[in-house]
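Reproduced below: query37.cif, with mmCIF, C-alpha atoms (C1' of nucleotides).
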data_query
loop_
_atom_site.label_atom_id
_atom_site.label_comp_id
_atom_site.auth_asym_id
_atom_site.auth_seq_id
_atom_site.Cartn_x
_atom_site.Cartn_y
_atom_site.Cartn_z
CA MET K 1339 -18.39 10.26 -16.99
CA ILE K 1340 -19.40 7.57 -14.55
CA GLU K 1341 -17.61 5.02 -16.60
CA ASN K 1342 -15.66 2.12 -15.26
CA ILE K 1343 -12.75 3.98 -13.75
CA THR K 1344 -12.08 1.35 -11.13
CA GLY K 1345 -11.73 -1.35 -13.73
CA ARG K 1346 -9.20 0.55 -15.82
CA CYS K 1347 -7.16 2.45 -13.26
CA MET K 1348 -3.67 1.01 -13.08
CA ALA K 1349 -3.29 2.13 -9.48
CA VAL K 1350 -6.33 0.14 -8.44
CA ARG K 1351 -5.19 -2.90 -10.33
CA THR K 1352 -1.62 -2.93 -9.13
CA LEU K 1353 -2.66 -2.12 -5.58
CA SER K 1354 -5.23 -4.87 -5.37
CA ALA K 1355 -2.81 -7.34 -6.91
CA ALA K 1356 -0.13 -6.34 -4.43
CA ARG K 1357 -2.56 -6.65 -1.54
CA ALA K 1358 -3.60 -10.14 -2.56
CA ILE K 1359 -0.02 -11.31 -2.88
CA THR K 1360 1.09 -9.64 0.31
CA ARG K 1361 -1.67 -11.40 2.20
CA ARG K 1362 -0.45 -14.75 0.94
CA TYR K 1363 3.11 -14.12 2.13
CA ASP K 1364 2.05 -12.53 5.40
CA SER K 1365 -0.14 -15.50 6.13
CA ALA K 1366 2.75 -17.89 5.56
CA LEU K 1367 5.05 -15.94 7.86
CA ARG K 1368 2.53 -15.23 10.61
CA PRO K 1369 3.64 -18.15 12.82
CA LEU K 1370 6.98 -16.38 13.17
CA GLY K 1371 5.45 -13.02 13.98
CA ILE K 1372 6.96 -11.24 11.01
CA THR K 1373 5.51 -9.73 7.87
CA ILE K 1374 6.78 -10.14 4.34
CA THR K 1375 7.88 -6.52 4.33
CA GLN K 1376 9.93 -7.04 7.45
CA PHE K 1377 11.29 -10.36 6.24
CA THR K 1378 12.51 -8.94 2.97
CA LEU K 1379 13.95 -5.92 4.72
CA LEU K 1380 15.82 -8.21 7.08
CA ALA K 1381 17.14 -10.23 4.14
CA ALA K 1382 18.19 -7.04 2.39
CA VAL K 1383 20.09 -5.82 5.42
CA ALA K 1384 21.85 -9.17 5.70
CA ARG K 1385 22.83 -9.11 2.06
CA ILE K 1386 23.63 -5.48 1.47
CA GLU K 1387 24.91 -4.41 4.89
CA PRO K 1388 24.12 -0.81 4.01
CA ASP K 1389 26.16 2.07 5.34
CA SER K 1390 23.14 4.33 5.41
CA ILE K 1391 19.36 4.31 5.37
CA THR K 1392 19.33 6.28 2.16
CA GLU K 1393 21.54 3.80 0.38
CA LEU K 1394 19.22 0.94 1.30
CA ALA K 1395 16.12 2.93 0.41
CA ASP K 1396 17.52 3.60 -3.04
CA LYS K 1397 18.38 -0.02 -3.65
CA LEU K 1398 14.98 -1.25 -2.46
CA TRP K 1399 12.98 1.43 -4.27
CA MET K 1400 11.44 2.45 -0.99
CA GLU K 1401 10.64 5.77 0.54
CA ARG K 1402 13.38 6.64 2.98
CA THR K 1403 11.15 7.48 5.92
CA SER K 1404 9.10 4.32 5.45
CA LEU K 1405 12.30 2.37 5.67
CA THR K 1406 13.38 4.23 8.79
CA ARG K 1407 10.27 3.09 10.60
CA GLY K 1408 10.53 -0.43 9.29
CA ALA K 1409 14.11 -0.64 10.48
CA LYS K 1410 13.06 0.59 13.89
CA LEU K 1411 10.62 -2.29 14.21
CA LEU K 1412 13.34 -4.80 13.37
CA GLU K 1413 15.66 -3.10 15.83
CA ALA K 1414 13.03 -3.19 18.56
CA ASP K 1415 12.79 -6.93 18.06
CA GLY K 1416 16.55 -7.24 18.22
CA LEU K 1417 16.80 -8.53 14.67
CA ILE K 1418 19.12 -5.81 13.40
CA GLU K 1419 21.43 -3.23 14.88
CA ARG K 1420 21.48 0.40 13.89
CA ARG K 1421 24.83 2.09 14.23
CA VAL K 1422 24.32 5.28 16.19
CA GLU K 1423 27.51 7.19 16.73
CA GLU K 1424 28.10 10.57 18.24
CA GLY K 1425 28.54 13.15 15.52
CA VAL K 1426 27.93 10.78 12.64
CA ARG K 1427 24.83 11.07 10.50
CA LYS K 1428 24.96 7.83 8.58
CA ARG K 1429 23.19 4.88 10.11
CA GLY K 1430 24.75 1.63 9.08
CA LEU K 1431 22.53 -1.41 9.47
CA ARG K 1432 23.66 -4.91 10.38
CA ILE K 1433 21.74 -8.09 11.02
CA SER K 1434 22.07 -9.64 14.50
CA ASP K 1435 22.47 -13.28 15.45
CA LYS K 1436 18.84 -13.36 16.39
CA GLY K 1437 18.03 -11.92 12.99
CA ILE K 1438 20.03 -14.60 11.22
CA LYS K 1439 18.24 -17.25 13.23
CA LEU K 1440 14.86 -15.85 12.27
CA LEU K 1441 15.89 -15.54 8.65
CA ARG K 1442 16.75 -19.23 8.59
CA GLU K 1443 13.44 -20.21 10.13
CA ALA K 1444 11.44 -17.94 7.87
CA TYR K 1445 13.11 -18.91 4.64
CA PRO K 1446 11.17 -22.13 3.93
CA LEU K 1447 7.90 -20.36 4.74
CA TRP K 1448 8.75 -17.61 2.30
CA GLN K 1449 9.75 -20.19 -0.26
CA SER K 1450 6.43 -21.97 -0.06
CA ALA K 1451 4.53 -18.75 -0.57
CA GLN K 1452 6.82 -17.78 -3.42
CA GLN K 1453 6.25 -21.14 -5.07
CA ASP K 1454 2.48 -20.84 -4.67
CA VAL K 1455 2.39 -17.45 -6.27
CA GLU K 1456 4.71 -18.37 -9.10
CA GLU K 1457 2.65 -21.46 -9.84
CA GLN K 1458 -0.53 -19.43 -9.87
CA LEU K 1459 1.02 -17.13 -12.42
CA GLY K 1460 2.46 -19.97 -14.42
CA LYS K 1461 4.21 -18.89 -17.54
CA GLN K 1462 2.98 -15.36 -17.22
CA VAL K 1463 5.82 -14.86 -14.81
CA SER K 1464 8.40 -13.86 -17.37
CA GLU K 1465 6.05 -11.30 -18.82
CA ALA K 1466 5.15 -10.20 -15.36
CA ASN K 1467 8.80 -9.74 -14.55
CA HIS K 1468 9.25 -7.54 -17.54
CA PHE K 1469 6.17 -5.60 -16.57
CA LEU K 1470 7.33 -5.11 -13.02
CA ASP K 1471 10.79 -4.05 -14.09
CA LEU K 1472 9.27 -1.46 -16.37
CA LEU K 1473 7.22 -0.09 -13.54
CA ARG K 1474 10.13 -0.08 -11.17
CA SER K 1475 12.28 1.99 -13.47
CA ALA K 1476 9.53 4.30 -14.61
CA PRO K 1477 10.24 7.96 -13.92
CA PHE K 1478 6.97 8.73 -12.14
CA MET Q 1208 20.87 -18.62 2.20
CA ILE Q 1209 21.55 -14.93 1.94
CA GLU Q 1210 20.60 -14.98 -1.66
CA ASN Q 1211 18.74 -12.28 -3.48
CA ILE Q 1212 15.35 -12.70 -1.85
CA THR Q 1213 14.37 -9.09 -2.36
CA GLY Q 1214 14.96 -9.30 -6.07
CA ARG Q 1215 12.82 -12.39 -6.55
CA CYS Q 1216 10.02 -11.96 -4.03
CA MET Q 1217 6.77 -11.28 -5.85
CA ALA Q 1218 5.41 -9.37 -2.88
CA VAL Q 1219 8.31 -6.94 -2.99
CA ARG Q 1220 8.01 -6.50 -6.72
CA THR Q 1221 4.27 -5.97 -6.84
CA LEU Q 1222 4.33 -3.73 -3.79
CA SER Q 1223 7.08 -1.49 -5.12
CA ALA Q 1224 5.38 -1.29 -8.50
CA ALA Q 1225 2.09 -0.38 -6.86
CA ARG Q 1226 3.78 2.25 -4.71
CA ALA Q 1227 5.41 3.88 -7.72
CA ILE Q 1228 2.16 4.00 -9.64
CA THR Q 1229 0.15 5.18 -6.67
CA ARG Q 1230 2.56 8.05 -6.15
CA ARG Q 1231 2.06 9.15 -9.73
CA TYR Q 1232 -1.74 9.25 -9.39
CA ASP Q 1233 -1.68 10.77 -5.92
CA SER Q 1234 0.59 13.49 -7.17
CA ALA Q 1235 -1.79 14.32 -10.00
CA LEU Q 1236 -4.78 14.51 -7.66
CA ARG Q 1237 -3.07 16.36 -4.82
CA PRO Q 1238 -4.36 19.81 -5.90
CA LEU Q 1239 -7.87 18.55 -5.16
CA GLY Q 1240 -6.96 17.14 -1.77
CA ILE Q 1241 -7.90 13.60 -2.65
CA THR Q 1242 -5.92 10.39 -3.11
CA ILE Q 1243 -6.23 7.88 -5.93
CA THR Q 1244 -7.71 5.39 -3.49
CA GLN Q 1245 -10.38 7.84 -2.46
CA PHE Q 1246 -11.04 8.95 -6.01
CA THR Q 1247 -11.60 5.44 -7.26
CA LEU Q 1248 -13.74 4.63 -4.27
CA LEU Q 1249 -15.84 7.67 -4.99
CA ALA Q 1250 -16.17 6.66 -8.62
CA ALA Q 1251 -17.14 3.14 -7.58
CA VAL Q 1252 -19.84 4.42 -5.26
CA ALA Q 1253 -21.22 6.62 -8.02
CA ARG Q 1254 -21.30 3.74 -10.45
CA ILE Q 1255 -22.34 0.83 -8.28
CA GLU Q 1256 -24.52 2.56 -5.69
CA PRO Q 1257 -23.94 -0.35 -3.34
CA ASP Q 1258 -26.55 -1.47 -0.86
CA SER Q 1259 -23.91 -2.58 1.60
CA ILE Q 1260 -20.26 -2.17 2.47
CA THR Q 1261 -19.70 -5.86 1.98
CA GLU Q 1262 -21.11 -5.81 -1.53
CA LEU Q 1263 -18.77 -3.00 -2.53
CA ALA Q 1264 -15.78 -4.62 -0.85
CA ASP Q 1265 -16.39 -7.81 -2.81
CA LYS Q 1266 -16.64 -5.98 -6.10
CA LEU Q 1267 -13.52 -3.93 -5.48
CA TRP Q 1268 -11.47 -6.81 -4.10
CA MET Q 1269 -10.90 -4.85 -0.94
CA GLU Q 1270 -10.87 -5.79 2.69
CA ARG Q 1271 -14.20 -4.82 4.18
CA THR Q 1272 -12.84 -2.93 7.17
CA SER Q 1273 -10.41 -0.98 5.01
CA LEU Q 1274 -13.32 0.10 2.90
CA THR Q 1275 -15.33 1.09 5.96
CA ARG Q 1276 -12.66 3.54 6.96
CA GLY Q 1277 -12.19 4.84 3.47
CA ALA Q 1278 -15.90 5.47 3.19
CA LYS Q 1279 -15.84 7.34 6.48
CA LEU Q 1280 -13.22 9.72 5.11
CA LEU Q 1281 -15.36 10.44 2.06
CA GLU Q 1282 -18.38 10.91 4.28
CA ALA Q 1283 -16.49 13.30 6.55
CA ASP Q 1284 -15.71 15.41 3.49
CA GLY Q 1285 -19.36 15.32 2.46
CA LEU Q 1286 -18.58 13.46 -0.76
CA ILE Q 1287 -20.81 10.48 -0.08
CA GLU Q 1288 -23.70 9.65 2.22
CA ARG Q 1289 -23.91 6.53 4.31
CA ARG Q 1290 -27.39 5.28 4.98
CA VAL Q 1291 -27.72 4.71 8.70
CA GLU Q 1292 -31.15 3.53 9.71
CA GLU Q 1293 -32.47 2.37 13.03
CA GLY Q 1294 -32.50 -1.42 13.15
CA VAL Q 1295 -30.96 -1.91 9.72
CA ARG Q 1296 -27.53 -3.45 9.32
CA LYS Q 1297 -26.79 -2.74 5.69
CA ARG Q 1298 -25.13 0.55 4.90
CA GLY Q 1299 -26.05 1.75 1.46
CA LEU Q 1300 -23.66 4.28 -0.05
CA ARG Q 1301 -24.59 7.14 -2.37
CA ILE Q 1302 -22.53 9.90 -3.89
CA SER Q 1303 -23.49 13.48 -2.99
CA ASP Q 1304 -23.71 16.54 -5.21
CA LYS Q 1305 -20.41 17.70 -3.81
CA GLY Q 1306 -19.00 14.29 -4.63
CA ILE Q 1307 -20.19 14.51 -8.21
CA LYS Q 1308 -18.65 17.93 -8.54
CA LEU Q 1309 -15.31 16.68 -7.26
CA LEU Q 1310 -15.48 13.65 -9.51
CA ARG Q 1311 -15.87 15.93 -12.53
CA GLU Q 1312 -12.92 18.08 -11.49
CA ALA Q 1313 -10.72 15.12 -10.70
CA TYR Q 1314 -11.43 13.15 -13.83
CA PRO Q 1315 -9.04 14.94 -16.20
CA LEU Q 1316 -6.28 14.75 -13.59
CA TRP Q 1317 -6.84 11.04 -13.25
CA GLN Q 1318 -6.89 10.71 -17.00
CA SER Q 1319 -3.54 12.39 -17.43
CA ALA Q 1320 -1.93 10.10 -14.86
CA GLN Q 1321 -3.58 7.10 -16.45
CA GLN Q 1322 -2.24 8.11 -19.83
CA ASP Q 1323 1.25 8.63 -18.46
CA VAL Q 1324 1.35 5.22 -16.90
CA GLU Q 1325 -0.09 3.46 -19.92
CA GLU Q 1326 2.42 5.18 -22.17
CA GLN Q 1327 5.25 4.17 -19.90
CA LEU Q 1328 4.12 0.61 -20.16
CA GLY Q 1329 3.55 0.81 -23.86
CA LYS Q 1330 2.54 -2.42 -25.43
CA GLN Q 1331 3.22 -4.34 -22.27
CA VAL Q 1332 -0.18 -3.20 -21.12
CA SER Q 1333 -2.14 -6.07 -22.59
CA GLU Q 1334 0.18 -8.55 -20.99
CA ALA Q 1335 0.06 -6.57 -17.81
CA ASN Q 1336 -3.70 -6.70 -17.87
CA HIS Q 1337 -3.63 -10.43 -18.18
CA PHE Q 1338 -1.14 -10.60 -15.36
CA LEU Q 1339 -3.19 -8.41 -13.10
CA ASP Q 1340 -6.37 -10.32 -13.84
CA LEU Q 1341 -4.63 -13.51 -12.93
CA LEU Q 1342 -3.53 -12.08 -9.64
CA ARG Q 1343 -6.95 -10.71 -8.88
CA SER Q 1344 -8.64 -14.05 -9.33
CA ALA Q 1345 -5.96 -16.08 -7.60
CA PRO Q 1346 -7.20 -18.01 -4.57
CA PHE Q 1347 -4.59 -16.80 -2.11
"C1'" DA M 826 38.57 30.17 8.39
"C1'" DC M 827 33.88 31.29 6.82
"C1'" DT M 828 29.91 30.50 4.28
"C1'" DA M 829 26.77 28.24 1.24
"C1'" DT M 830 25.20 24.04 -0.41
"C1'" DT M 831 24.33 19.26 -0.23
"C1'" DA M 832 23.64 14.88 2.20
"C1'" DG M 833 21.55 12.25 5.75
"C1'" DT M 834 18.27 11.61 9.32
"C1'" DG M 835 14.06 11.65 12.21
"C1'" DT M 836 9.31 13.21 13.52
"C1'" DG M 837 4.49 14.93 12.98
"C1'" DT M 838 0.50 14.01 10.68
"C1'" DA M 839 -2.46 11.56 7.76
"C1'" DT M 840 -4.06 7.79 4.88
"C1'" DA M 841 -4.12 2.73 3.76
"C1'" DT M 842 -4.33 -1.97 5.14
"C1'" DG M 843 -5.40 -6.27 7.72
"C1'" DC M 844 -6.68 -9.27 11.53
"C1'" DA M 845 -9.02 -10.45 15.72
"C1'" DC M 846 -13.03 -9.45 18.32
"C1'" DG M 847 -17.39 -8.41 19.58
"C1'" DA M 848 -22.04 -6.83 18.65
"C1'" DT M 849 -26.48 -6.70 16.23
"C1'" DT M 850 -29.65 -7.91 12.46
"C1'" DA M 851 -31.48 -11.27 9.33
"C1'" DT M 852 -32.60 -15.82 8.19
"C1'" DA M 853 -33.21 -20.74 8.64
"C1'" DA M 854 -34.54 -24.92 11.36
"C1'" DC M 855 -37.46 -26.93 14.31
"C1'" DG S 758 -42.27 -18.82 18.68
"C1'" DT S 759 -37.64 -20.18 20.02
"C1'" DT S 760 -33.19 -21.21 18.89
"C1'" DA S 761 -29.29 -21.77 15.97
"C1'" DT S 762 -26.76 -19.99 12.12
"C1'" DA S 763 -25.39 -16.67 8.90
"C1'" DA S 764 -24.83 -11.94 7.41
"C1'" DT S 765 -23.34 -7.38 8.36
"C1'" DC S 766 -21.05 -4.03 10.64
"C1'" DG S 767 -17.59 -1.30 13.54
"C1'" DT S 768 -13.46 -0.82 16.60
"C1'" DG S 769 -8.89 -1.79 18.71
"C1'" DC S 770 -4.47 -2.53 17.56
"C1'" DA S 771 -0.57 -2.82 14.67
"C1'" DT S 772 2.04 -2.23 10.42
"C1'" DA S 773 2.94 0.25 5.96
"C1'" DT S 774 3.33 4.33 3.36
"C1'" DA S 775 4.11 9.19 2.04
"C1'" DC S 776 4.88 14.12 2.41
"C1'" DA S 777 6.27 18.26 4.73
"C1'" DC S 778 9.30 20.04 7.85
"C1'" DA S 779 13.22 20.73 10.76
"C1'" DC S 780 17.76 19.52 12.28
"C1'" DT S 781 22.65 18.48 11.89
"C1'" DA S 782 26.88 16.58 9.44
"C1'" DA S 783 29.62 16.78 5.52
"C1'" DT S 784 31.43 19.09 1.67
"C1'" DA S 785 32.47 22.64 -1.63
"C1'" DG S 786 33.52 27.45 -2.77
"C1'" DT S 787 35.76 31.56 -1.65
#

Would you mind giving the structure from this file in structure tokens?
Amino acid sequence: MIENITGRCMAVRTLSAARAITRRYDSALRPLGITITQFTLLAAVARIEPDSITELADKLWMERTSLTRGAKLLEADGLIERRVEEGVRKRGLRISDKGIKLLREAYPLWQSAQQDVEEQLGKQVSEANHFLDLLRSAPF
Amino acid sequence: MIENITGRCMAVRTLSAARAITRRYDSALRPLGITITQFTLLAAVARIEPDSITELADKLWMERTSLTRGAKLLEADGLIERRVEEGVRKRGLRISDKGIKLLREAYPLWQSAQQDVEEQLGKQVSEANHFLDLLRSAPF
DNA sequence: ACTATTAGTGTGTATATGCACGATTATAAC
DNA sequence: GTTATAATCGTGCATATACACACTAATAGT
């Protein structure tokens, strides 16, 4: 029974792949004091302008409460604004001017990391895309 | 510039895929009070019987300090033993009887999750394997 | 209008992860 | 033997993630 579980387990493989990639992006963005998770969240807020946390969580395939805390970090840095109104549950999110400025500065750094990773993967990318889409939509 | 960064970013895609898969495995193992990360670490210790944390971290493509803390959790539950000797730096890891027992109980649960995921992916799996191997060996 | 259900949110607690540091052991150079 | 270098380890701090729970707003049913 002590077979090679680690080598076959899809959780191990996807996790370690994700960690490696995340490190590459985080490293690129470090000069700006932002992580890839935060950067992409910021970009998503700018693009989607969600009316609620839940809406954004659904669109980003993220756990709602994880997103709540991520958004709080961005808010603490003044990069986004959370609408908090008396007697209203929904929390609309909007990017701030400071957030837009950071997004502009971070974009080329993200792009270079993105290019690196895509080049590493070469023509596997299209297959990888298919693979990742499958995972994303899987009813786990 | 507010293009669809989230949809293209490989970090986002691999992370969300890994999260989805991890949730599936964690859910299967929850009755035993262990996570997929801990289960695979336990299995790796049983199989490799590493003479040092660093050795294991290298083989599992994990960050050393993350592994240190993971091993501490397993040790706290009495599932593994960490060799701590006066004047010796290396920390050999060995699975305990309790650990072996848990491994046996957890195995079929892991297997069912593994099967689920592989079925979901269907014949993409071979491509996925290639993809994941590429990522693993990438010099990020 | 009243009540039951659903939707939306945040917090407590715990694990997972990574980096920067500092500390000690082991090894190599001389 | 002494000193320099490398190997090995742990901790502090911060972010990321998930689940269980509790709370309140909104909506539907009557």

Once you count all atoms listed in the file, what closest atom pair and distance in Å to one decimal does each residue of chain M within 10 Å of chain Q have, with rows by chain and rising residue number, as JSON lines?
{"residue": "M:DT840", "atom": "C1'", "partner": "Q:Thr1242", "partner_atom": "CA", "distance": 8.6}
{"residue": "M:DA841", "atom": "C1'", "partner": "Q:Ser1273", "partner_atom": "CA", "distance": 7.4}
{"residue": "M:DT842", "atom": "C1'", "partner": "Q:Ser1273", "partner_atom": "CA", "distance": 6.2}
{"residue": "M:DG843", "atom": "C1'", "partner": "Q:Glu1270", "partner_atom": "CA", "distance": 7.4}
{"residue": "M:DC844", "atom": "C1'", "partner": "Q:Thr1272", "partner_atom": "CA", "distance": 9.9}
{"residue": "M:DT849", "atom": "C1'", "partner": "Q:Arg1296", "partner_atom": "CA", "distance": 7.7}
{"residue": "M:DT850", "atom": "C1'", "partner": "Q:Arg1296", "partner_atom": "CA", "distance": 5.9}
{"residue": "M:DA851", "atom": "C1'", "partner": "Q:Arg1296", "partner_atom": "CA", "distance": 8.8}

* **Distance query DT838 in chain M at most 12 Å, only C-alpha atoms (C1' of nucleotides), self and fewer than 5 positions along chain excluded, as a VMD selection string** => chain S and resid 775 to 778

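What chain S places within 10 Å of chain Q, counting all atoms listed in the file, is DA764, DT765, DC766, DG767, DT768, DT774 and DA775 of chain S.
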
Residues from last step as file, C-alpha atoms (C1' of nucleotides), as a PDB file, in the frame of the given file:
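Result went into part.pdb, see below:
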ATOM      1  C1'  DA S 764     -24.830 -11.940   7.410  1.00  0.00           C
ATOM      2  C1'  DT S 765     -23.340  -7.380   8.360  1.00  0.00           C
ATOM      3  C1'  DC S 766     -21.050  -4.030  10.640  1.00  0.00           C
ATOM      4  C1'  DG S 767     -17.590  -1.300  13.540  1.00  0.00           C
ATOM      5  C1'  DT S 768     -13.460  -0.820  16.600  1.00  0.00           C
ATOM      6  C1'  DT S 774       3.330   4.330   3.360  1.00  0.00           C
ATOM      7  C1'  DA S 775       4.110   9.190   2.040  1.00  0.00           C
TER       8       DA S 775
END

* **Between CA of Arg1346 in chain K and CA of Leu1236 in chain Q - distance in Å to one decimal** =>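 Distance between the two atoms: 16.8 Å.
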
* Kindly indicate which residue among M:DC827, M:DA848, M:DA853, M:DA839 lies nearest to DA763 in chain S, using all atoms listed in the file for the distances. =>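 Between M:DC827, M:DA848, M:DA853, M:DA839, the residue approaching DA763 in chain S most closely is M:DA853.
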